[in-house]
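J.: One file is attached below, model.cif, containing mmCIF, C-alpha atoms.
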data_upload
loop_
_atom_site.label_atom_id
_atom_site.label_comp_id
_atom_site.auth_asym_id
_atom_site.auth_seq_id
_atom_site.Cartn_x
_atom_site.Cartn_y
_atom_site.Cartn_z
CA ARG A 248 28.49 -16.54 -19.79
CA LYS A 249 29.39 -18.68 -22.82
CA ALA A 250 25.78 -18.69 -23.98
CA ALA A 251 25.52 -14.96 -23.29
CA ASP A 252 28.65 -14.30 -25.30
CA GLN A 253 26.97 -16.13 -28.16
CA GLY A 254 24.01 -13.78 -28.02
CA ASN A 255 21.50 -15.94 -26.16
CA ALA A 256 19.01 -13.41 -24.77
CA VAL A 257 17.95 -15.53 -21.79
CA ALA A 258 21.56 -16.10 -20.82
CA GLU A 259 22.30 -12.38 -21.22
CA PHE A 260 19.38 -11.56 -18.94
CA LEU A 261 20.43 -14.13 -16.34
CA LEU A 262 24.02 -12.91 -16.34
CA GLY A 263 22.74 -9.36 -15.88
CA PHE A 264 20.59 -10.57 -12.99
CA MET A 265 23.61 -12.20 -11.34
CA TYR A 266 25.66 -9.02 -11.57
CA ASP A 267 22.66 -7.00 -10.38
CA ASN A 268 22.25 -9.13 -7.25
CA GLY A 269 25.82 -10.31 -6.63
CA LYS A 270 24.99 -13.96 -7.15
CA GLY A 271 28.05 -15.99 -8.15
CA VAL A 272 29.89 -12.82 -9.16
CA ALA A 273 30.80 -9.57 -7.45
CA GLN A 274 27.85 -7.18 -7.57
CA ASP A 275 28.41 -4.76 -10.44
CA TYR A 276 25.53 -2.56 -11.62
CA SER A 277 27.42 -1.40 -14.69
CA GLN A 278 27.94 -4.99 -15.85
CA ALA A 279 24.35 -5.79 -14.98
CA ALA A 280 23.07 -2.92 -17.10
CA ASP A 281 25.28 -3.94 -20.01
CA TRP A 282 23.98 -7.50 -20.02
CA TYR A 283 20.37 -6.46 -19.45
CA ARG A 284 20.71 -4.10 -22.41
CA LYS A 285 21.99 -6.88 -24.69
CA ALA A 286 18.96 -9.00 -23.80
CA ALA A 287 16.58 -6.03 -23.87
CA VAL A 288 17.42 -5.01 -27.42
CA GLN A 289 16.55 -8.57 -28.43
CA GLY A 290 13.10 -8.05 -26.95
CA HIS A 291 13.50 -9.82 -23.61
CA ALA A 292 10.67 -8.22 -21.59
CA THR A 293 12.06 -8.84 -18.11
CA ALA A 294 15.45 -7.50 -19.15
CA GLN A 295 13.72 -4.39 -20.48
CA PHE A 296 11.88 -4.02 -17.19
CA ASN A 297 15.00 -4.55 -15.08
CA LEU A 298 16.98 -2.08 -17.18
CA GLY A 299 14.17 0.42 -16.67
CA ASN A 300 14.46 -0.19 -12.93
CA MET A 301 18.16 0.52 -13.00
CA TYR A 302 17.55 3.89 -14.61
CA PHE A 303 14.62 4.63 -12.31
CA LEU A 304 16.46 3.72 -9.11
CA GLY A 305 19.77 5.25 -10.15
CA LYS A 306 21.74 2.01 -10.08
CA VAL A 307 23.27 3.46 -13.21
CA THR A 308 22.90 7.16 -13.97
CA GLN A 309 19.39 8.03 -12.84
CA ASP A 310 17.37 8.87 -15.91
CA TYR A 311 13.56 8.83 -15.69
CA SER A 312 13.19 9.28 -19.43
CA GLN A 313 15.28 6.17 -20.12
CA ALA A 314 13.38 4.33 -17.39
CA ALA A 315 10.07 5.21 -19.02
CA ASP A 316 11.34 4.09 -22.44
CA TRP A 317 12.36 0.68 -21.19
CA TYR A 318 9.26 0.26 -19.03
CA ARG A 319 7.17 1.02 -22.12
CA LYS A 320 8.91 -1.70 -24.14
CA ALA A 321 8.24 -4.23 -21.37
CA ALA A 322 4.71 -2.89 -20.82
CA ASP A 323 3.90 -3.30 -24.49
CA GLN A 324 4.76 -6.97 -24.07
CA GLY A 325 2.32 -7.29 -21.18
CA ASN A 326 4.64 -6.96 -18.18
CA ALA A 327 2.15 -5.90 -15.49
CA VAL A 328 4.64 -4.28 -13.15
CA ALA A 329 6.10 -2.27 -16.03
CA GLN A 330 2.57 -1.19 -16.96
CA PHE A 331 1.95 -0.05 -13.38
CA LEU A 332 5.23 1.85 -13.19
CA LEU A 333 4.66 3.51 -16.55
CA GLY A 334 1.27 4.58 -15.23
CA PHE A 335 2.99 5.91 -12.12
CA MET A 336 5.38 7.94 -14.27
CA TYR A 337 2.51 9.49 -16.25
CA ASP A 338 0.65 10.10 -12.99
CA ASN A 339 3.61 11.98 -11.51
CA GLY A 340 5.25 13.45 -14.60
CA LYS A 341 8.50 11.53 -14.19
CA GLY A 342 10.35 11.01 -17.47
CA VAL A 343 7.17 11.74 -19.44
CA PRO A 344 4.76 14.68 -19.51
CA GLN A 345 2.18 14.36 -16.75
CA ASP A 346 -0.94 12.83 -18.26
CA TYR A 347 -3.61 11.43 -15.95
CA SER A 348 -5.53 9.82 -18.80
CA GLN A 349 -2.44 7.88 -19.90
CA ALA A 350 -1.77 7.00 -16.27
CA ALA A 351 -5.26 5.56 -15.89
CA ASP A 352 -4.90 3.57 -19.12
CA TRP A 353 -1.66 1.95 -18.00
CA TYR A 354 -2.92 1.35 -14.47
CA ARG A 355 -5.95 -0.39 -15.96
CA LYS A 356 -3.80 -2.69 -18.11
CA ALA A 357 -1.84 -3.76 -15.04
CA ALA A 358 -4.93 -3.88 -12.81
CA ASP A 359 -6.70 -6.18 -15.26
CA GLN A 360 -3.77 -8.57 -14.82
CA GLY A 361 -4.26 -8.54 -11.06
CA ASN A 362 -1.52 -6.12 -10.04
CA ALA A 363 -2.62 -4.88 -6.60
CA ASP A 364 -0.63 -1.63 -6.75
CA ALA A 365 -2.32 -0.76 -10.04
CA GLN A 366 -5.76 -1.73 -8.72
CA TYR A 367 -5.27 0.61 -5.77
CA ALA A 368 -3.93 3.40 -8.00
CA LEU A 369 -6.85 3.06 -10.40
CA GLY A 370 -9.24 3.13 -7.45
CA LEU A 371 -7.65 6.40 -6.36
CA MET A 372 -8.13 7.88 -9.81
CA TYR A 373 -11.83 7.03 -9.81
CA ASP A 374 -12.12 8.25 -6.22
CA ASN A 375 -10.59 11.63 -7.10
CA GLY A 376 -11.71 11.98 -10.71
CA LYS A 377 -8.15 12.06 -12.10
CA GLY A 378 -7.83 10.88 -15.69
CA VAL A 379 -11.31 9.34 -15.50
CA ALA A 380 -14.76 10.60 -14.57
CA GLN A 381 -15.21 10.49 -10.80
CA ASP A 382 -17.05 7.28 -9.94
CA TYR A 383 -17.18 6.12 -6.32
CA SER A 384 -18.66 2.75 -7.27
CA GLN A 385 -15.73 2.04 -9.61
CA ALA A 386 -13.32 3.31 -6.95
CA ALA A 387 -14.78 0.89 -4.42
CA ASP A 388 -14.58 -1.99 -6.89
CA TRP A 389 -10.89 -1.42 -7.58
CA TYR A 390 -10.05 -0.79 -3.93
CA ARG A 391 -11.77 -4.08 -3.11
CA LYS A 392 -9.69 -6.01 -5.63
CA ALA A 393 -6.49 -4.61 -4.11
CA ALA A 394 -7.80 -5.03 -0.56
CA VAL A 395 -8.47 -8.73 -1.12
CA GLN A 396 -4.79 -9.06 -2.04
CA GLY A 397 -3.83 -7.46 1.28
CA ASP A 398 -3.09 -3.90 0.21
CA ALA A 399 -3.42 -1.96 3.47
CA ASP A 400 -4.05 1.44 1.88
CA ALA A 401 -6.80 -0.04 -0.28
CA GLN A 402 -8.34 -1.64 2.81
CA PHE A 403 -8.26 1.73 4.56
CA ASN A 404 -9.79 3.62 1.64
CA LEU A 405 -12.50 1.00 1.14
CA GLY A 406 -13.19 1.18 4.87
CA ASN A 407 -13.69 4.92 4.52
CA MET A 408 -16.13 4.35 1.68
CA TYR A 409 -18.19 2.01 3.85
CA ARG A 410 -18.02 4.48 6.73
CA ASN A 411 -19.22 7.34 4.53
CA GLY A 412 -21.54 5.41 2.22
CA GLN A 413 -19.63 6.42 -0.91
CA GLY A 414 -19.93 3.94 -3.78
CA VAL A 415 -21.22 1.29 -1.36
CA PRO A 416 -24.06 1.19 1.17
CA GLN A 417 -23.01 2.74 4.46
CA ASN A 418 -21.90 -0.02 6.80
CA HIS A 419 -19.84 0.84 9.87
CA SER A 420 -19.31 -2.82 10.77
CA GLN A 421 -17.75 -3.51 7.38
CA ALA A 422 -15.63 -0.40 7.77
CA ALA A 423 -14.35 -1.77 11.08
CA VAL A 424 -13.47 -5.12 9.48
CA LEU A 425 -11.41 -3.37 6.81
CA TYR A 426 -9.76 -0.98 9.27
CA ARG A 427 -8.76 -3.98 11.37
CA LYS A 428 -7.20 -5.73 8.38
CA ALA A 429 -5.21 -2.64 7.47
CA GLY A 430 -4.42 -1.79 11.07
CA ALA A 431 -3.01 -5.26 11.67
CA GLN A 432 -0.41 -4.34 9.03
CA GLY A 433 0.45 -1.16 10.97
CA GLN A 434 -1.55 1.23 8.77
CA SER A 435 -1.75 4.16 11.18
CA ASP A 436 -4.78 5.93 9.64
CA SER A 437 -6.83 2.75 10.04
CA LEU A 438 -5.69 2.37 13.64
CA ASN A 439 -6.75 5.94 14.34
CA ASN A 440 -10.14 5.40 12.70
CA LEU A 441 -10.65 2.32 14.86
CA GLY A 442 -9.92 4.51 17.86
CA VAL A 443 -12.51 7.05 16.75
CA GLY A 444 -15.07 4.32 16.10
CA TYR A 445 -14.67 2.74 19.52
CA GLU A 446 -14.52 6.08 21.32
CA PHE A 447 -17.83 7.27 19.87
CA GLY A 448 -19.59 3.93 19.42
CA HIS A 449 -19.70 3.99 15.63
CA PHE A 450 -19.24 0.22 15.44
CA GLY A 451 -22.24 -0.52 17.63
CA VAL A 452 -20.33 -0.57 20.90
CA GLN A 453 -18.34 2.00 22.83
CA ASN A 454 -15.08 0.83 24.37
CA LEU A 455 -12.69 3.51 25.53
CA VAL A 456 -9.97 1.00 26.40
CA LEU A 457 -9.94 -0.28 22.83
CA ALA A 458 -10.04 3.30 21.60
CA HIS A 459 -6.94 4.10 23.67
CA ILE A 460 -5.16 1.00 22.36
CA PHE A 461 -5.76 1.97 18.74
CA TYR A 462 -4.88 5.63 19.24
CA ASN A 463 -1.71 4.51 20.98
CA LEU A 464 -0.74 2.12 18.18
CA ALA A 465 -1.51 4.81 15.59
CA ALA A 466 0.76 7.23 17.42
CA VAL A 467 3.58 4.70 17.61
CA ASN A 468 3.27 3.54 14.00
CA GLY A 469 2.42 6.80 12.31
CA ASP A 470 1.85 10.52 12.63
CA ALA A 471 2.52 12.15 15.99
CA LYS A 472 -0.83 13.98 15.66
CA TYR A 473 -2.50 10.79 16.87
CA LYS A 474 -0.82 11.25 20.24
CA THR A 475 -3.33 14.01 20.92
CA ASN A 476 -6.22 11.58 20.57
CA ARG A 477 -4.48 9.08 22.83
CA ASP A 478 -3.65 11.68 25.46
CA GLU A 479 -7.19 13.09 25.48
CA ILE A 480 -8.85 9.71 25.90
CA SER A 481 -6.41 8.81 28.67
CA LYS A 482 -8.20 11.40 30.80
CA LYS A 483 -11.45 9.43 30.47
CA LEU A 484 -10.00 6.16 31.78
CA THR A 485 -9.56 4.92 35.30
CA PRO A 486 -5.99 3.92 36.31
CA ILE A 487 -6.92 0.23 35.94
CA GLN A 488 -8.38 0.78 32.47
CA LEU A 489 -5.37 2.82 31.39
CA SER A 490 -3.04 0.09 32.63
CA GLU A 491 -4.91 -2.56 30.63
CA ALA A 492 -4.89 -0.41 27.49
CA GLN A 493 -1.15 0.16 27.74
CA GLU A 494 -0.44 -3.50 28.41
CA LEU A 495 -2.50 -4.77 25.47
CA ALA A 496 -0.92 -2.21 23.14
CA SER A 497 2.59 -3.19 24.25
CA GLN A 498 1.84 -6.90 23.70
CA TRP A 499 0.55 -6.47 20.16
CA VAL A 500 2.89 -7.52 17.33
CA LYS A 501 2.50 -6.14 13.83
CA GLY A 502 0.90 -8.74 11.58
CA GLN A 503 -1.11 -10.28 14.42
CA PRO A 504 -4.87 -9.73 14.91
CA LEU A 505 -5.74 -6.59 16.82
CA PRO A 506 -7.37 -6.77 20.28
CA THR A 507 -11.15 -7.22 20.22
CA ILE A 508 -12.15 -7.43 23.88
CA THR A 509 -11.07 -5.87 27.16
CA LYS A 510 -11.62 -6.81 30.80
CA THR A 511 -12.04 -3.38 32.36
CA TYR A 512 -14.42 -1.69 29.92
CA PRO A 513 -17.30 -1.24 29.91
CA ARG A 514 -17.59 -0.85 33.65
CA SER A 515 -20.18 -3.06 35.27
CA SER A 516 -23.55 -1.38 35.55
CA LYS A 517 -24.55 -3.54 38.51
CA LYS A 518 -24.87 -1.76 41.81
CA LYS A 519 -23.04 -3.10 44.80
CA LYS A 520 -25.29 -4.50 47.47
#
Would you write out, as structure tokens, the structure that this file holds?
T.:
Amino acid sequence: RKAADQGNAVAEFLLGFMYDNGKGVAQDYSQAADWYRKAAVQGHATAQFNLGNMYFLGKVTQDYSQAADWYRKAADQGNAVAQFLLGFMYDNGKGVPQDYSQAADWYRKAADQGNADAQYALGLMYDNGKGVAQDYSQAADWYRKAAVQGDADAQFNLGNMYRNGQGVPQNHSQAAVLYRKAGAQGQSDSLNNLGVGYEFGHFGVQNLVLAHIFYNLAAVNGDAKYKTNRDEISKKLTPIQLSEAQELASQWVKGQPLPTITKTYPRSSKKKK
């Protein structure tokens, strides 16, 4: 505090951080904002970003315009997260007029610094032709960068591009790999797509037990509409197969690899003697 009282910007930021998070002092967002502001007006980029967060999240009076102003100051100094969030605000018209071109520009600045959220967002813009000319190849490239960093939605979208042959050569096996990576994080759309793939043999093999497992996990982790797929495929399974599917689904823990093999499907094609 002594250094902060003497106008040291780093100390002002750190004192704001302590009030913000209740470290060593009672949590006090008003005090945090005051100290962040003192550091921010001296050009401390992280203080500018944190003050923007306080306005964005409503830790002080919620004010998207103020949030955008402070994010911009931090973004202009190269803060990648601030650049992404400023892009998000232009994308959604929060605190600034909606401007997809500006959104794409700020997403790109953050994406070029390796920010996975911005890479995914920029991929979406190329995918949908928002703020940039529609370009599936560019979309796939940016989704891939985010997917490599573990972004489940990027893995799902890139999987769809491989499934459909958009921006990349069609490759159902690669789609399955990406769906599995996203599904292991609980991404319900990927789990459902795995179910579809195994039900209809899109991945080179049909396995209705695996299909049931993935439909079941999608229903538990996401939209109730996936219950319909699970319930319909249940009718195609024998009691033993259904029991195995339910057991494997119940044993799976989010973050762990998804099941790849089953004991009861496919049924043996050998005739009994």
J.: Which residues are close to region 250-266 of chain A, i.e. within 8 Å by only C-alpha atoms, leaving aside same-chain residues fewer than 5 positions away? Reply as a list in words.
T.: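 The contact residues come out as Gly271, Val272, Ala273, Gln274, Asp275, Tyr276, Gln278, Ala279, Ala280, Asp281, Trp282, Tyr283, Lys285, Ala286, Ala287, Gln289, His291, Thr293 and Ala294 of chain A.
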J.: Using only C-alpha atoms, which of the listed residues (A:Ser312, A:Gln396, A:Gln295, A:Gln488) sits closest to Gly340 (chain A)?
T.: A:Ser312
J.: Translate the PyMOL selection byres ((chain A and resi 333) around 8), as applied to the file shown, into an explicit residue set as an MDAnalysis selection string.
T.: chainID A and resid 315 318:319 322 329:332 334:337 350 353
J.: With all atoms listed in the file as the atoms that count, which of A:Val328, A:Val443, A:Ala492, A:Ile480 lies nearest to Val456 (chain A)?
T.: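 Closest to Val456 (chain A), using all atoms listed in the file: A:Ala492.
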J.: Let me make sure I understand: among A:His419, A:Arg427, A:Lys474, A:Lys306, which one has the smallest atom-to-atom distance to Thr507 (chain A) if we use all atoms listed in the file?
T.: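 Looking only at the distances to Thr507 (chain A), the closest residue turns out to be A:Arg427.
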J.: Here is a test: counting all atoms listed in the file, which residue of A:Ala399, A:Ala496, A:Leu457, A:Ala393 is nearest to Thr511 (chain A)?
T.: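 Between A:Ala399, A:Ala496, A:Leu457, A:Ala393, the residue approaching Thr511 (chain A) most closely is A:Leu457.
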J.: Name the closest residue to Ser435 (chain A) among the candidates A:Leu495, A:Leu455, A:Glu479, A:Tyr473; distances are taken between atoms, counting all atoms listed in the file.
T.: A:Tyr473
J.: One number please: CA of Tyr445 (chain A) to CA of Ala458 (chain A), in Å, one decimal.
T.: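 Spanning CA of Tyr445 (chain A) to CA of Ala458 (chain A) is a straight-line distance of 5.1 Å.
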J.: Please provide as a count of residues only all residues within 12 Å of Gly376 (chain A), with the sequence filter that same-chain residues fewer than 4 positions apart are discarded (counting all atoms listed in the file).
T.: 14
J.: Can you tell me which residues surround Ala465 (chain A) at a distance of at most 8 Å, considering only C-alpha atoms, apart from same-chain residues fewer than 3 positions away, and format the answer as an MDAnalysis selection string?
T.: chainID A and resid 433:439 461:462 468:470 473:474
J.: What gap, in Å, lies between CA of Gly361 (chain A) and CA of Asn326 (chain A)?
T.: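 These two atoms are separated by 11.5 Å.
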J.: In the coordinates of the file, take the point (-7.5, -9.7, -3.1) and a cut-off of 12 Å; then, counting all atoms listed in the file, name each qualifying protein, DNA or RNA residue as number ranges by chain.
T.: A: 358, 361-364, 366-367, 388-399, 401-402
J.: Quote the spacing between CA of Leu441 (chain A) and CA of Pro486 (chain A) in Å to one decimal place.
T.: 22.0 Å
J.: Tell me, as JSON, numbers by chain, which residues lie within 7 Å of Tyr409 (chain A), counting all atoms listed in the file; anything in the same chain fewer than 6 positions away does not count.
T.: {"A": [415, 416, 417, 418, 419, 421, 422]}
